[in-house]
>>> print(open('model-v2.pdb').read())   # PDB, C-alpha atoms and all ligand atoms
ATOM      1  CA  MET A   1       0.000   0.000   0.000  1.00  0.00           C
ATOM      2  CA  SER A   2       1.186   3.465  -0.849  1.00  0.00           C
ATOM      3  CA  GLY A   3       1.552   5.991   1.936  1.00  0.00           C
ATOM      4  CA  PHE A   4       3.096   9.341   2.641  1.00  0.00           C
ATOM      5  CA  SER A   5       5.620  10.718   5.073  1.00  0.00           C
ATOM      6  CA  LYS A   6       5.465  13.761   7.317  1.00  0.00           C
ATOM      7  CA  GLN A   7       7.952  15.418   4.926  1.00  0.00           C
ATOM      8  CA  ASP A   8       5.676  14.769   1.936  1.00  0.00           C
ATOM      9  CA  LEU A   9       2.831  16.350   3.852  1.00  0.00           C
ATOM     10  CA  GLU A  10       4.883  19.387   4.867  1.00  0.00           C
ATOM     11  CA  ARG A  11       5.920  19.936   1.267  1.00  0.00           C
ATOM     12  CA  GLU A  12       2.419  19.482  -0.144  1.00  0.00           C
ATOM     13  CA  SER A  13       0.695  21.672   2.449  1.00  0.00           C
ATOM     14  CA  ASN A  14       3.358  24.397   2.860  1.00  0.00           C
ATOM     15  CA  ALA A  15       3.228  23.738   6.581  1.00  0.00           C
ATOM     16  CA  GLU A  16       5.734  22.898   9.285  1.00  0.00           C
ATOM     17  CA  LEU A  17       4.402  20.077  11.421  1.00  0.00           C
ATOM     18  CA  GLY A  18       5.187  19.100  14.976  1.00  0.00           C
ATOM     19  CA  GLN A  19       4.125  16.184  17.102  1.00  0.00           C
ATOM     20  CA  GLY A  20       1.786  13.632  15.567  1.00  0.00           C
ATOM     21  CA  HIS A  21      -1.070  11.732  17.165  1.00  0.00           C
ATOM     22  CA  MET A  22      -0.667   8.145  15.969  1.00  0.00           C
ATOM     23  CA  CYS A  23      -3.997   6.533  16.671  1.00  0.00           C
ATOM     24  CA  THR A  24      -4.562   2.786  16.695  1.00  0.00           C
ATOM     25  CA  ASN A  25      -8.283   3.435  16.058  1.00  0.00           C
ATOM     26  CA  ASN A  26      -7.429   5.008  12.699  1.00  0.00           C
ATOM     27  CA  ILE A  27      -8.107   2.278  10.137  1.00  0.00           C
ATOM     28  CA  HIS A  28      -6.530   4.268   7.267  1.00  0.00           C
ATOM     29  CA  PRO A  29      -3.175   5.256   8.803  1.00  0.00           C
ATOM     30  CA  HIS A  30      -1.572   5.567   5.352  1.00  0.00           C
ATOM     31  CA  HIS A  31      -4.087   8.178   4.254  1.00  0.00           C
ATOM     32  CA  LEU A  32      -5.273   9.971   7.363  1.00  0.00           C
ATOM     33  CA  LYS A  33      -2.842  11.565   9.786  1.00  0.00           C
ATOM     34  CA  ILE A  34      -3.089  13.973  12.692  1.00  0.00           C
ATOM     35  CA  TYR A  35      -0.385  16.516  13.389  1.00  0.00           C
ATOM     36  CA  ARG A  36       0.160  19.640  15.425  1.00  0.00           C
ATOM     37  CA  VAL A  37       0.703  22.463  12.938  1.00  0.00           C
ATOM     38  CA  LYS A  38       3.614  24.731  13.827  1.00  0.00           C
ATOM     39  CA  LYS A  39       3.707  27.030  10.802  1.00  0.00           C
ATOM     40  CA  ILE A  40       1.729  27.638   7.641  1.00  0.00           C
ATOM     41  CA  ASP A  41       3.461  29.650   4.929  1.00  0.00           C
ATOM     42  CA  GLY A  42       5.979  30.653   7.609  1.00  0.00           C
ATOM     43  CA  LYS A  43       3.336  32.007  10.029  1.00  0.00           C
ATOM     44  CA  PRO A  44       3.325  30.468  13.540  1.00  0.00           C
ATOM     45  CA  GLN A  45       0.332  28.253  14.411  1.00  0.00           C
ATOM     46  CA  LYS A  46      -0.609  26.114  17.358  1.00  0.00           C
ATOM     47  CA  HIS A  47      -3.520  23.960  16.382  1.00  0.00           C
ATOM     48  CA  TRP A  48      -3.980  20.368  15.259  1.00  0.00           C
ATOM     49  CA  GLU A  49      -5.170  19.215  11.884  1.00  0.00           C
ATOM     50  CA  LEU A  50      -6.457  15.985  10.434  1.00  0.00           C
ATOM     51  CA  PHE A  51      -4.824  15.534   7.028  1.00  0.00           C
ATOM     52  CA  SER A  52      -6.238  13.385   4.289  1.00  0.00           C
ATOM     53  CA  LEU A  53      -3.776  12.675   1.501  1.00  0.00           C
ATOM     54  CA  TRP A  54      -4.357  10.169  -1.272  1.00  0.00           C
ATOM     55  CA  LEU A  55      -1.490   9.229  -3.533  1.00  0.00           C
ATOM     56  CA  ALA A  56      -1.879   7.344  -6.785  1.00  0.00           C
ATOM     57  CA  THR A  57      -1.298   3.601  -6.661  1.00  0.00           C
ATOM     58  CA  ALA A  58      -0.133   1.417  -9.554  1.00  0.00           C
ATOM     59  CA  GLU A  59      -3.813   0.534 -10.010  1.00  0.00           C
ATOM     60  CA  ASP A  60      -4.784   4.210 -10.377  1.00  0.00           C
ATOM     61  CA  VAL A  61      -2.098   4.600 -13.058  1.00  0.00           C
ATOM     62  CA  ALA A  62      -3.333   1.450 -14.867  1.00  0.00           C
ATOM     63  CA  ASN A  63      -6.897   2.844 -14.766  1.00  0.00           C
ATOM     64  CA  GLY A  64      -5.723   6.129 -16.266  1.00  0.00           C
ATOM     65  CA  GLU A  65      -6.615   8.107 -13.134  1.00  0.00           C
ATOM     66  CA  ALA A  66      -3.035   9.245 -12.592  1.00  0.00           C
ATOM     67  CA  GLU A  67       0.097   9.619 -14.690  1.00  0.00           C
ATOM     68  CA  LYS A  68       2.485   8.129 -12.186  1.00  0.00           C
ATOM     69  CA  GLU A  69       2.536   6.312  -8.886  1.00  0.00           C
ATOM     70  CA  ASP A  70       2.598   8.494  -5.744  1.00  0.00           C
ATOM     71  CA  GLU A  71       1.180  11.456  -7.641  1.00  0.00           C
ATOM     72  CA  VAL A  72      -1.062  13.469  -5.262  1.00  0.00           C
ATOM     73  CA  LEU A  73      -4.695  12.732  -6.094  1.00  0.00           C
ATOM     74  CA  ASN A  74      -6.236  14.627  -3.218  1.00  0.00           C
ATOM     75  CA  LEU A  75      -5.080  16.576  -0.174  1.00  0.00           C
ATOM     76  CA  SER A  76      -7.339  18.176   2.376  1.00  0.00           C
ATOM     77  CA  SER A  77      -7.182  19.021   6.057  1.00  0.00           C
ATOM     78  CA  ILE A  78      -9.417  20.300   8.817  1.00  0.00           C
ATOM     79  CA  GLU A  79      -8.618  21.881  12.156  1.00  0.00           C
ATOM     80  CA  ILE A  80      -9.557  19.637  15.079  1.00  0.00           C
ATOM     81  CA  GLU A  81      -9.435  19.742  18.894  1.00  0.00           C
ATOM     82  CA  PHE A  82     -10.259  16.101  19.507  1.00  0.00           C
ATOM     83  CA  CYS A  83      -9.112  12.993  17.706  1.00  0.00           C
ATOM     84  CA  PRO A  84     -12.066  11.841  15.585  1.00  0.00           C
ATOM     85  CA  PHE A  85     -10.995   8.224  15.984  1.00  0.00           C
ATOM     86  CA  CYS A  86     -10.540   7.851  19.744  1.00  0.00           C
ATOM     87  CA  GLY A  87     -11.934  11.078  21.209  1.00  0.00           C
ATOM     88  CA  THR A  88      -8.722  12.138  22.920  1.00  0.00           C
ATOM     89  CA  GLN A  89      -8.409  15.873  23.434  1.00  0.00           C
ATOM     90  CA  LEU A  90      -5.269  16.982  21.680  1.00  0.00           C
ATOM     91  CA  ALA A  91      -2.848  18.869  23.920  1.00  0.00           C
ATOM     92  CA  GLN A  92      -2.706  22.625  23.407  1.00  0.00           C
TER      93      GLN A  92
HETATM   94 ZN    ZN A 101      -6.829   9.096  18.508  1.00  0.00          ZN
END
>>> encode(input="model-v2.pdb", output="structure tokens", more="lines below")
Ligand SMILES: [Zn+2]
Amino acid sequence: MSGFSKQDLERESNAELGQGHMCTNNIHPHHLKIYRVKKIDGKPQKHWELFSLWLATAEDVANGEAEKEDEVLNLSSIEIEFCPFCGTQLAQ
């Protein structure tokens, strides 16, 4: 299965990320990740975001949905205060 690293995410989102919340309740750990956001476009931040990043697999390339493997198909994020998977309040 294809996945992405924290560095990939920082590059794609123009953000500097801090601590992550690695949740065992998250059944899509390769696609959904939670990180404390330290900077966006160089501006200091102190909130947490749930990132959803989908990279093209060999199957997507074969289906003509992407030109090459690991190409970004979709990236989105939302600001959160609690983990949506386990309900833990994320430290401020
Ligand atoms: Zn959690």
>>> residues_around(input="model-v2.pdb", residues="A:Pro29", least_positions_apart="6", cutoff="10 Å", atoms="all atoms listed in the file", output="ChimeraX atom specification")
/A:3-4,22-23,52
>>> closest_residue(input="model-v2.pdb", among="A:Gln7, A:Asn14, A:Gln19, A:Asn63", to="A:Gln92", atoms="all atoms listed in the file")
A:Gln19
>>> resolve_selection(input="model-v2.pdb", expression="the PyMOL selection byres (((chain A and resi 25) around 12) and not hetatm)", output="NGL selection string")
:A and (21-24 or 26-29 or 32-33 or 83-88)
>>> axis_aligned_box(input="model-v2.pdb", around="stretch 6-23 of chain A", padding_each_side="6 Å", output="JSON")
{"center_x": 2.0, "center_y": 15.5, "center_z": 8.5, "size_x": 23.9, "size_y": 29.9, "size_z": 29.3}
>>> closest_residue(input="model-v2.pdb", among="A:Ala15, A:Val61, A:Leu53, A:Ala66", to="A:Arg36", atoms="only C-alpha atoms")
A:Ala15
>>> resolve_selection(input="model-v2.pdb", expression="the PyMOL selection byres (((chain A and resi 38) around 10) and not hetatm)", output="list of chain:residue names")
A:Ala15, A:Glu16, A:Leu17, A:Gly18, A:Gln19, A:Tyr35, A:Arg36, A:Val37, A:Lys39, A:Ile40, A:Gly42, A:Lys43, A:Pro44, A:Gln45, A:Lys46, A:His47, A:Trp48
>>> atom_distance(input="model-v2.pdb", atom1="atom CA of A:Asp8", atom2="atom CA of A:Ala62")
23.3 Å
>>> residues_around(input="model-v2.pdb", residues="A:Trp54", least_positions_apart="2", cutoff="9 Å", atoms="only C-alpha atoms", output="list in words")
Ser2, Gly3, Phe4, His30, His31, Leu32, Ser52, Ala56, Asp70, Glu71, Val72, Leu73, Asn74 and Leu75 of chain A
>>> write_last_selection(input="model-v2.pdb", atoms="C-alpha atoms", output="compact mmCIF listing (two decimals), in the coordinates of the input")
# COMPACT_ATOMS: atom_id res chain seq x y z
CA SER A 2 1.19 3.46 -0.85
CA GLY A 3 1.55 5.99 1.94
CA PHE A 4 3.10 9.34 2.64
CA HIS A 30 -1.57 5.57 5.35
CA HIS A 31 -4.09 8.18 4.25
CA LEU A 32 -5.27 9.97 7.36
CA SER A 52 -6.24 13.38 4.29
CA ALA A 56 -1.88 7.34 -6.78
CA ASP A 70 2.60 8.49 -5.74
CA GLU A 71 1.18 11.46 -7.64
CA VAL A 72 -1.06 13.47 -5.26
CA LEU A 73 -4.70 12.73 -6.09
CA ASN A 74 -6.24 14.63 -3.22
CA LEU A 75 -5.08 16.58 -0.17
>>> atom_distance(input="model-v2.pdb", atom1="atom CA of A:Leu90", atom2="atom CA of A:Lys6")
18.2 Å
>>> closest_residue(input="model-v2.pdb", among="A:Gln89, A:Ser5, A:Thr57, A:Ser76", to="ligand ZN 101 (chain A)", atoms="all atoms listed in the file")
A:Gln89
>>> closest_residue(input="model-v2.pdb", among="A:Leu55, A:Ala91, A:Phe82, A:Glu67", to="ligand ZN 101 (chain A)", atoms="only C-alpha atoms and all ligand atoms")
A:Phe82
>>> atom_distance(input="model-v2.pdb", atom1="atom CA of A:Leu9", atom2="atom CA of A:Lys68")
18.0 Å
>>> resolve_selection(input="model-v2.pdb", expression="the PyMOL selection byres (((chain A and resi 78) around 6) and not hetatm)", output="count of residues only")
4
